[in-house]
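*Asks:* Below you'll find my_file_16.tsv; it's TSV, C-alpha atoms and all ligand atoms.
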chain	number	residue	atom	x	y	z
A	1	MET	CA	-21.51	0.01	-9.94
A	2	VAL	CA	-20.77	1.25	-6.45
A	3	SER	CA	-17.93	3.77	-6.71
A	4	ALA	CA	-14.48	2.58	-5.65
A	5	GLU	CA	-14.37	5.35	-3.03
A	6	ALA	CA	-17.63	4.22	-1.46
A	7	LEU	CA	-16.54	0.57	-1.50
A	8	CYS	CA	-13.29	1.38	0.30
A	9	ALA	CA	-15.16	3.39	2.91
A	10	ILE	CA	-17.76	0.66	3.51
A	11	ALA	CA	-15.06	-2.01	3.77
A	12	GLY	CA	-12.97	0.24	6.03
A	13	ILE	CA	-9.90	-0.34	3.86
A	14	PRO	CA	-7.88	2.68	2.66
A	15	PRO	CA	-7.47	3.07	-1.12
A	16	ILE	CA	-4.61	1.00	-2.52
A	17	ASP	CA	-2.48	3.97	-3.64
A	18	LEU	CA	-2.50	5.34	-0.09
A	19	LEU	CA	-1.52	1.92	1.28
A	20	VAL	CA	1.36	1.75	-1.22
A	21	GLN	CA	2.57	5.19	-0.13
A	22	GLU	CA	2.32	4.10	3.51
A	23	ARG	CA	4.44	1.06	2.77
A	24	GLY	CA	6.97	3.28	1.03
A	25	ARG	CA	7.23	5.61	4.03
A	26	ILE	CA	7.80	2.68	6.37
A	27	ASP	CA	10.49	1.18	4.10
A	28	GLU	CA	12.24	4.51	3.67
A	29	ALA	CA	12.19	5.33	7.37
A	30	ASN	CA	15.24	3.07	7.69
A	31	VAL	CA	14.54	2.32	11.33
A	32	GLU	CA	13.31	-0.76	13.11
A	33	VAL	CA	9.69	-1.33	12.11
A	34	THR	CA	7.76	-1.18	15.36
A	35	THR	CA	4.05	-1.37	16.05
A	36	ALA	CA	4.19	2.29	17.04
A	37	LEU	CA	5.69	3.25	13.69
A	38	LYS	CA	3.10	1.23	11.80
A	39	LYS	CA	0.33	2.78	13.85
A	40	ARG	CA	1.62	6.30	13.21
A	41	GLU	CA	1.88	5.75	9.48
A	42	ARG	CA	-1.60	4.20	9.35
A	43	LEU	CA	-2.99	7.25	11.12
A	44	ARG	CA	-1.36	9.44	8.49
A	45	THR	CA	-2.89	7.27	5.77
A	46	ILE	CA	-6.34	7.66	7.32
A	47	GLU	CA	-5.87	11.44	7.55
A	48	GLU	CA	-5.03	11.63	3.86
A	49	TRP	CA	-7.92	9.32	3.05
A	50	GLN	CA	-10.26	11.55	5.07
A	51	LEU	CA	-9.10	14.65	3.14
A	52	ARG	CA	-9.82	12.85	-0.11
A	53	TRP	CA	-13.23	11.71	1.23
A	54	ASP	CA	-14.08	15.28	2.31
A	55	ARG	CA	-13.28	16.53	-1.20
A	56	ASN	CA	-15.33	13.80	-2.88
A	57	ASN	CA	-18.33	15.40	-4.58
A	58	ASP	CA	-18.90	12.50	-6.88
A	59	LYS	CA	-21.03	9.39	-6.70
A	60	ALA	CA	-20.45	8.43	-3.09
A	61	GLN	CA	-22.59	11.14	-1.47
A	62	TRP	CA	-25.03	8.80	0.29
A	63	THR	CA	-22.22	6.71	1.76
A	64	LYS	CA	-20.39	9.90	2.70
A	65	ARG	CA	-23.44	11.18	4.54
A	66	LEU	CA	-23.71	7.93	6.51
A	67	ILE	CA	-19.97	7.57	7.13
A	68	PRO	CA	-18.52	11.07	7.38
A	69	HIS	CA	-15.63	10.02	9.64
A	70	LEU	CA	-13.51	7.23	8.22
A	71	GLY	CA	-11.25	6.88	11.26
A	72	ALA	CA	-14.02	5.96	13.70
A	73	TRP	CA	-15.62	3.59	11.19
A	74	THR	CA	-12.34	1.91	10.23
A	75	GLU	CA	-11.27	1.40	13.83
A	76	CYS	CA	-14.62	-0.01	14.95
A	77	ARG	CA	-14.04	-3.56	16.19
A	78	GLN	CA	-17.59	-4.77	15.80
A	79	ARG	CA	-17.83	-3.51	12.22
A	80	ARG	CA	-19.06	-6.26	9.93
A	81	THR	CA	-20.91	-5.46	6.74
A	82	GLY	CA	-22.87	-8.27	5.21
A	83	TYR	CA	-24.95	-8.35	2.06
A	84	PHE	CA	-27.92	-6.36	3.35
A	85	LEU	CA	-25.99	-3.78	5.34
A	86	THR	CA	-23.83	-3.08	2.29
A	87	GLN	CA	-26.98	-2.43	0.24
A	88	PHE	CA	-28.01	0.18	2.76
A	89	LEU	CA	-24.56	1.79	3.06
A	90	SER	CA	-24.01	1.94	-0.71
A	91	GLY	CA	-27.60	2.75	-1.69
A	92	HIS	CA	-27.29	0.03	-4.32
A	93	GLY	CA	-29.81	-2.69	-3.61
A	94	SER	CA	-33.53	-3.28	-3.48
A	95	PHE	CA	-34.37	0.40	-3.94
A	96	ARG	CA	-36.44	1.27	-7.00
A	97	VAL	CA	-34.40	4.29	-8.09
A	98	TYR	CA	-31.46	1.91	-8.26
A	99	THR	CA	-33.23	-1.15	-9.75
A	100	ASN	CA	-34.88	1.13	-12.32
A	101	ARG	CA	-31.50	2.58	-13.27
A	102	ILE	CA	-30.08	-0.90	-13.91
A	103	GLY	CA	-33.16	-1.93	-15.88
A	104	LYS	CA	-34.77	-4.25	-13.35
A	105	ALA	CA	-37.78	-2.06	-12.57
A	106	ASN	CA	-40.08	0.17	-14.62
A	107	ASP	CA	-40.24	3.19	-12.32
A	108	ASN	CA	-38.71	4.78	-9.21
A	109	LEU	CA	-41.69	4.22	-6.94
A	110	CYS	CA	-41.79	2.23	-3.73
A	111	ILE	CA	-43.85	-0.93	-4.23
A	112	TYR	CA	-45.62	-0.30	-0.92
A	113	CYS	CA	-46.38	3.42	-0.80
A	114	LYS	CA	-45.53	4.85	-4.25
A	115	ASN	CA	-43.08	7.43	-2.94
A	116	VAL	CA	-39.66	7.70	-4.61
A	117	ASP	CA	-37.75	4.74	-3.28
A	118	ILE	CA	-34.14	5.30	-2.27
A	119	ALA	CA	-32.27	3.81	0.71
A	120	GLU	CA	-33.25	6.76	2.89
A	121	HIS	CA	-36.94	6.20	2.09
A	122	THR	CA	-36.86	2.50	2.89
A	123	ILE	CA	-34.91	2.64	6.13
A	124	PHE	CA	-36.08	5.95	7.60
A	125	GLU	CA	-39.43	6.86	6.06
A	126	CYS	CA	-41.50	4.14	4.41
A	127	LEU	CA	-44.63	3.43	6.46
A	128	LYS	CA	-44.50	-0.22	5.48
A	129	TRP	CA	-41.72	-0.62	8.08
A	130	ALA	CA	-43.16	1.75	10.69
A	131	SER	CA	-43.56	-0.90	13.38
A	132	ASN	CA	-40.05	-2.33	12.82
A	133	ARG	CA	-38.68	1.23	12.99
A	134	HIS	CA	-40.68	2.08	16.08
A	135	ARG	CA	-39.41	-1.01	17.91
A	136	PHE	CA	-35.85	-0.29	16.82
A	137	GLU	CA	-36.01	3.33	17.98
A	138	MET	CA	-37.58	2.33	21.28
A	139	ASP	CA	-34.72	-0.11	21.85
A	140	ALA	CA	-32.15	2.46	20.74
A	141	GLY	CA	-33.81	5.15	22.85
A	142	ARG	CA	-33.57	7.79	20.10
A	143	TYR	CA	-34.73	8.82	16.67
A	144	LEU	CA	-32.33	7.65	14.04
A	145	THR	CA	-31.50	9.55	10.87
A	146	PRO	CA	-28.94	9.09	8.07
A	147	ASP	CA	-26.80	11.63	9.92
A	148	ASN	CA	-26.61	9.82	13.26
A	149	ILE	CA	-27.21	6.12	12.58
A	150	VAL	CA	-23.57	5.12	12.03
A	151	GLN	CA	-22.44	7.09	15.05
A	152	TYR	CA	-25.05	5.19	17.07
A	153	MET	CA	-23.86	1.85	15.63
A	154	LEU	CA	-20.28	2.58	16.62
A	155	GLY	CA	-21.32	3.19	20.22
A	156	SER	CA	-21.31	-0.48	21.24
A	157	THR	CA	-21.55	-4.01	19.92
A	158	ALA	CA	-25.17	-4.15	21.09
A	159	ASN	CA	-26.00	-0.96	19.15
A	160	TYR	CA	-24.29	-2.34	16.08
A	161	GLU	CA	-26.14	-5.65	16.24
A	162	LEU	CA	-29.49	-3.96	16.85
A	163	THR	CA	-29.04	-1.69	13.83
A	164	ALA	CA	-27.70	-4.42	11.54
A	165	ASN	CA	-30.64	-6.59	12.55
A	166	TYR	CA	-33.20	-3.83	11.86
A	167	ILE	CA	-31.75	-3.12	8.43
A	168	SER	CA	-31.25	-6.77	7.40
A	169	THR	CA	-34.77	-7.74	8.42
A	170	ILE	CA	-36.26	-5.04	6.20
A	171	MET	CA	-33.90	-5.55	3.26
A	172	LYS	CA	-34.39	-9.29	3.25
A	173	LYS	CA	-38.17	-9.07	3.22
A	174	LYS	CA	-38.11	-6.25	0.70
A	175	GLU	CA	-35.82	-8.10	-1.68
A	176	THR	CA	-38.17	-11.08	-1.74
A	177	GLU	CA	-41.28	-8.95	-2.29
A	178	GLU	CA	-39.48	-6.77	-4.84
A	179	ARG	CA	-38.59	-9.88	-6.87
A	180	GLU	CA	-42.18	-11.07	-6.76
A	181	SER	CA	-43.36	-7.65	-7.88
A	182	GLN	CA	-40.85	-7.60	-10.76
A	183	ALA	CA	-41.98	-11.07	-11.88
A	184	GLU	CA	-45.58	-9.89	-11.74
A	185	GLU	CA	-44.80	-6.79	-13.85
A	186	LYS	CA	-43.04	-8.97	-16.38
A	187	ARG	CA	-45.96	-11.40	-16.57
A	188	ARG	CA	-48.33	-8.53	-17.23
A	189	GLN	CA	-46.06	-7.14	-19.96
A	190	ASP	CA	-45.75	-10.55	-21.63
A	191	GLN	CA	-49.53	-10.89	-21.74
A	192	ARG	CA	-49.89	-7.63	-23.70
B	1	ZN	ZN	-42.48	3.19	0.75
Any chance you could give the structure as structure tokens?
Ligand SMILES: [Zn+2]
*Replies:*
Amino acid sequence: MVSAEALCAIAGIPPIDLLVQERGRIDEANVEVTTALKKRERLRTIEEWQLRWDRNNDKAQWTKRLIPHLGAWTECRQRRTGYFLTQFLSGHGSFRVYTNRIGKANDNLCIYCKNVDIAEHTIFECLKWASNRHRFEMDAGRYLTPDNIVQYMLGSTANYELTANYISTIMKKKETEERESQAEEKRRQDQR
């Protein structure tokens, strides 16, 4: 399971208890509820959420590395996270360390290159996707790492689309080939 903290961050929605407190502050303010007031209270919510995120040393470390600043991510207008992008941002998807943990694979090794397969390996390292990555980085005009990719995405709609497209293309292909490889492993086991 993706941790609740990571899910909130990926979705760009503050945790429910902070939203409840925000609502309480607005109700108790006893003044006319204006857009400015709402905006101010939301900023305070995001500040508190950020403090909590900074203190999080638990399961969400990969997501936290990708999305260190919740404010910028939450306010991003072009932010849309589909199925494949969420796999990348959460680290829970067609990555062998994950599929092995949930019992869908027999080891942690990348089906293409036999290195330990986590999201970082697939998106930033695996040679299987070297030409996709090269094209993407040429278009982006920079080397992308887990520490700068989200910042790059937030730069413009074009950046966001380019990145989402790079990641989705890989994850889609990988998911298909991963399934085939799992079926093949199972067939071999059944024959024994
Ligand atoms: Zn690999």
*Asks:* Measuring between only C-alpha atoms, which one of A:Val97, A:Ala6, A:Ala140, A:Ile26 shows the shortest distance to Glu120 (chain A)?
*Replies:* A:Val97
*Asks:* Pick out the residues sitting within 8 Å of region 78-84 of chain A, and hand them over as a list in words; count only C-alpha atoms, and ignore anything fewer than 4 positions along from it in its own chain.
*Replies:*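 My reading of the contact set: Ile10, Ala11, Trp73, Thr74, Phe88, Leu154, Ser156, Thr157, Tyr160, Ile167, Ser168, Met171 and Lys172 of chain A.
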*Asks:* Mind listing the residues within 12 Å of ligand ZN 1 (chain B), all atoms listed in the file counted, as a ChimeraX atom specification?
*Replies:* /A:94-96,108-130,170,174,178
*Asks:* Would you compute the distance between CA of Cys8 (chain A) and CA of Val20 (chain A)? Give it in Å to one decimal.
*Replies:*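 Result for CA of Cys8 (chain A) versus CA of Val20 (chain A): 14.7 Å, one decimal.
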*Asks:* In Å, rounded to a single decimal, give me how far CA of Arg42 (chain A) is from CA of Arg23 (chain A).
*Replies:*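 These two atoms are separated by 9.5 Å.
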*Asks:* Just how far from CA of Gly93 (chain A) is CA of Arg192 (chain A), in Å to one decimal?
*Replies:*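 Separating CA of Arg192 (chain A) from CA of Gly93 (chain A) is a distance of 28.8 Å.
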*Asks:* Go through A:Gln182, A:Asn159, A:Asn132, A:Thr34 one by one, measure the shortest atom-to-atom distance of each to Asn106 (chain A) using all atoms listed in the file, and give the residue with the smallest value.
*Replies:*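 Closest to Asn106 (chain A) of all the choices is A:Gln182.
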*Asks:* Would you please work out which residue, of A:Arg65, A:Arg188, A:Arg25, A:Arg52, is nearest to Leu37 (chain A) when using only C-alpha atoms?
*Replies:* A:Arg25
*Asks:* Find the residue from A:Pro146, A:Arg55, A:Leu7, A:Arg135 that sits nearest to Asn165 (chain A); use only C-alpha atoms when measuring.
*Replies:*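 Closest candidate: A:Arg135.
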*Asks:* Could you give me, as a VMD selection string, the residues within 8 Å of Phe136 (chain A), counting all atoms listed in the file and dropping anything in the same chain fewer than 6 positions from it?
*Replies:* chain A and resid 162 to 163 166
*Asks:* Can you pull out the residues contacting Trp49 (chain A)? Cut-off 12 Å, using only C-alpha atoms, and skip same-chain residues under 2 positions away; I want them as a ChimeraX atom specification.
*Replies:* /A:5-6,8-9,12-19,21-22,42-47,51-56,68-71,74
*Asks:* Write the residues you've just listed into a file as a compact mmCIF listing (two decimals), keeping the file's coordinate frame, and include C-alpha atoms for each of them.
*Replies:*
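For reference, result.txt as written:
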# COMPACT_ATOMS: atom_id res chain seq x y z
CA GLU A 5 -14.37 5.35 -3.03
CA ALA A 6 -17.63 4.22 -1.46
CA CYS A 8 -13.29 1.38 0.30
CA ALA A 9 -15.16 3.39 2.91
CA GLY A 12 -12.97 0.24 6.03
CA ILE A 13 -9.90 -0.34 3.86
CA PRO A 14 -7.88 2.68 2.66
CA PRO A 15 -7.47 3.07 -1.12
CA ILE A 16 -4.61 1.00 -2.52
CA ASP A 17 -2.48 3.97 -3.64
CA LEU A 18 -2.50 5.34 -0.09
CA LEU A 19 -1.52 1.92 1.28
CA GLN A 21 2.57 5.19 -0.13
CA GLU A 22 2.32 4.10 3.51
CA ARG A 42 -1.60 4.20 9.35
CA LEU A 43 -2.99 7.25 11.12
CA ARG A 44 -1.36 9.44 8.49
CA THR A 45 -2.89 7.27 5.77
CA ILE A 46 -6.34 7.66 7.32
CA GLU A 47 -5.87 11.44 7.55
CA LEU A 51 -9.10 14.65 3.14
CA ARG A 52 -9.82 12.85 -0.11
CA TRP A 53 -13.23 11.71 1.23
CA ASP A 54 -14.08 15.28 2.31
CA ARG A 55 -13.28 16.53 -1.20
CA ASN A 56 -15.33 13.80 -2.88
CA PRO A 68 -18.52 11.07 7.38
CA HIS A 69 -15.63 10.02 9.64
CA LEU A 70 -13.51 7.23 8.22
CA GLY A 71 -11.25 6.88 11.26
CA THR A 74 -12.34 1.91 10.23
*Asks:* Hey, which of A:Val2, A:Glu28, A:Gln87, A:Arg187 ends up closest to Lys59 (chain A)? Count all atoms listed in the file.
*Replies:*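 Ranked by minimum distance to Lys59 (chain A), first place goes to A:Val2.
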